[in-house]
Every structure is written in structure tokens, then in C-alpha cells.
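Report on one structure; see the data block that follows.
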Amino acid sequence: MYIKKCDTPQDSTEVILTAKELVERSHNVLDKWGVFLRFYVIPNMTRENALSVTNLVLEELSNIDCYVTMPVSLEQYFGRSARISYEDYDSIKDVDMVISIGGDGSFINAAKIATEYNKPLVCINAGKLAYLACMEGNEINLLSKVVSGDYITEKRMMLDVYVVDDNETVLYHSNCINDAVVSRSGR
């Protein structure tokens, strides 16, 4: 197995900074985005507060005239509306940004998905503690800053992980944010 730093733009992901970092740094206004942003929202429904935090996010995005796409499996939780559609991850290519709702594991999973489509990612904490989250559940009103372009992005380094056999044949490849785990096979 070997690990290398990803060095192409599509192998890194942009992360929206925390509210504190927004105040401390200069802002990057992305004028290519108007008021009708499209978000792909990926909540981790196994988190205790995910349903309530996601409902708050959906309400805020609707209030600021944004459209939302979510995984098909979540329609049972959130129902249909004029501004919410349910599609598979491939539809991320048609949105402006991805929002992850959960904790650090949710962020890492969503980052892998967002990276495939070269989309920036906002991570909203739905639990007690998340080191990688960009916003807490009580900071959802800051999504209006995203819509107005009043934010900056931070590039996070990702790693390319390859599992190769003795002949250098790639058996497995993936990108990761934090770490790669090597475990023993049951063979």
C-alpha cells in the first residue's frame, strides 16, 4: 500500500470556514453565483439531532430562495416541496455546493463525494462535538452569507490511497481526508 498527496484540483475539496474564521479573514465574493443557489444536502440520519438540524437548514435555504437536492432515500423524512428534489449522488454535478449535516465522519464521507464532482462543501455539526465542522446547528443563519458570496474557502489536502499487489497491480484506490486504515483480511 502507498499513500501520496493529491495534487490535482479535483483531488482536493474546498471547505467553508467557521463563523469565527469568517470574521478573522477577508472575504472571497464569488460573483458567478446569484441568489438562486442549488445545494445537495447530505444529512447523517443516524445522528440524534440530524432531523431537527436538517429541517432548520431546509427552512433557511428556502427562506433565502435556494433549491435543494437530497438523496432519494431521504424523501420519507422530509417530503416533497417546490424547492426540494430527491436524486442520486450523480446529480451533484448540477449543484453549486454540497452541505453535510452530522459530525466529522459525515464530513469525511461527504468530502469524498463532493471531491468527485469538484464541489465545495459546507459541514454543519448536528452533534455535540465535531472538529471538522464549519458551522454549528445554532449558526444556520450564516447560510445566507454563502448565498451572498460573503465567505472564503479553505483547501483541505487529501490523500490518494492505493492497495497494490506484488506486481504493482492496483487492487483498490480511494481518496481520503484524514487517514487510511490498514487492516488484516479474513482470507
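Ligands are numbered from 1 in the order shown, residues from 1 within each chain, and chains are lettered A, B, ... in the order they appear in the C-alpha cells.
By chain and then residue number, the residues within 10 Å of stretch 46-50 of chain A are Leu56, Ile101, Gly102, Gly103, Ser106, Ile124, Asn125, Ala126, Gly127, Lys128 and Gly137 of chain A, counting only C-alpha atoms and disregarding those fewer than 6 positions away in sequence.
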Write to file, as a compact mmCIF listing (two decimals), in the first residue's frame, the residues of the selection just made, with N, CA and C atoms.
```txt
# COMPACT_ATOMS: atom_id res chain seq x y z
N LEU A 56 -34.03 22.68 9.98
CA LEU A 56 -33.64 24.09 10.09
C LEU A 56 -32.87 24.56 8.86
N ILE A 101 -24.48 17.31 6.95
CA ILE A 101 -25.02 17.55 8.29
C ILE A 101 -24.75 16.31 9.12
N GLY A 102 -23.99 16.49 10.18
CA GLY A 102 -23.60 15.37 11.03
C GLY A 102 -22.37 15.74 11.82
N GLY A 103 -21.42 14.83 11.86
CA GLY A 103 -20.17 15.08 12.58
C GLY A 103 -18.98 14.93 11.66
N SER A 106 -19.34 12.22 8.99
CA SER A 106 -20.25 12.67 7.93
C SER A 106 -19.52 13.61 6.98
N ILE A 124 -22.12 21.08 8.61
CA ILE A 124 -22.86 21.61 9.76
C ILE A 124 -22.94 20.51 10.82
N ASN A 125 -22.49 20.83 12.02
CA ASN A 125 -22.48 19.86 13.11
C ASN A 125 -23.89 19.62 13.63
N ALA A 126 -24.27 18.36 13.75
CA ALA A 126 -25.57 18.00 14.30
C ALA A 126 -25.41 17.26 15.62
N GLY A 127 -24.23 17.33 16.20
CA GLY A 127 -23.98 16.62 17.45
C GLY A 127 -23.39 17.54 18.49
N LYS A 128 -22.65 16.94 19.39
CA LYS A 128 -22.06 17.71 20.48
C LYS A 128 -20.70 18.30 20.10
N GLY A 137 -25.09 23.85 14.74
CA GLY A 137 -26.52 23.86 14.47
C GLY A 137 -27.19 25.20 14.75
```
Query raised in the report: If you count only C-alpha atoms, which residues fall within 6 Å of A:Asn175, apart from same-chain ones fewer than 4 positions away, as a count of residues only?
Result: 3
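With only C-alpha atoms as the basis for measurement, A:Thr115 is the residue among A:Thr115, A:Thr153, A:Ser81, A:Asn63 that approaches A:Lys93 most closely.
Between A:Asn44 and the residues A:Asn167, A:Thr69, A:Asn109, A:Ser62, the shortest atom-to-atom distance, using only C-alpha atoms, involves A:Asn109.
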Residues of stretch 49-118 of chain A in helix (DSSP H, G or I) according to DSSP, as a compact mmCIF listing (two decimals) with C-alpha atoms, in the first residue's frame?
```
# COMPACT_ATOMS: atom_id res chain seq x y z
CA ALA A 50 -29.82 15.30 12.32
CA LEU A 51 -33.56 15.53 11.61
CA SER A 52 -34.07 18.79 13.51
CA VAL A 53 -30.86 20.41 12.21
CA THR A 54 -31.65 19.36 8.64
CA ASN A 55 -35.16 20.80 8.92
CA LEU A 56 -33.64 24.09 10.09
CA VAL A 57 -31.21 24.04 7.16
CA LEU A 58 -34.01 23.33 4.68
CA GLU A 59 -36.12 26.14 6.15
CA GLU A 60 -33.21 28.61 5.98
CA LEU A 61 -32.34 27.65 2.40
CA SER A 62 -35.98 28.05 1.37
CA ASN A 63 -36.16 31.46 3.07
CA VAL A 72 -33.61 9.63 -2.76
CA SER A 73 -33.70 7.60 0.47
CA LEU A 74 -34.45 10.75 2.50
CA GLU A 75 -37.81 11.64 0.94
CA GLN A 76 -39.53 9.67 3.71
CA TYR A 77 -38.11 12.12 6.28
CA PHE A 78 -38.56 15.45 4.50
CA TYR A 89 -25.30 11.48 -5.96
CA ASP A 90 -24.67 11.91 -9.69
CA SER A 91 -26.91 15.00 -9.61
CA ILE A 92 -24.22 16.74 -7.53
CA LYS A 93 -22.68 17.72 -10.88
CA ASP A 94 -25.65 20.12 -11.32
CA ASP A 104 -16.61 14.52 11.44
CA GLY A 105 -17.38 11.13 9.89
CA SER A 106 -20.25 12.67 7.93
CA PHE A 107 -17.91 15.43 6.75
CA ILE A 108 -15.27 12.95 5.60
CA ASN A 109 -17.85 10.88 3.72
CA ALA A 110 -19.39 13.95 2.06
CA ALA A 111 -15.94 15.32 1.19
CA LYS A 112 -15.16 12.18 -0.79
CA ILE A 113 -18.42 12.61 -2.70
CA ALA A 114 -18.04 16.37 -3.23
CA THR A 115 -14.48 15.87 -4.48
CA GLU A 116 -15.68 13.51 -7.22
```
**Report entry** Gap from atom CA of A:Tyr117 to atom CA of A:Ser183 - Å, one decimal
**Finding:** 28.9 Å
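By only C-alpha atoms, and with residues fewer than 4 positions from A:Asp65 along its chain excluded, the set lying at most 12 Å from it is Gly34, Val35, Phe36, Leu37, Arg38, Phe39, Leu58, Glu59, Glu60, Leu61, Ala82, Arg83, Ile84, Leu143, Ser144, Val147 and Ser148 of chain A.
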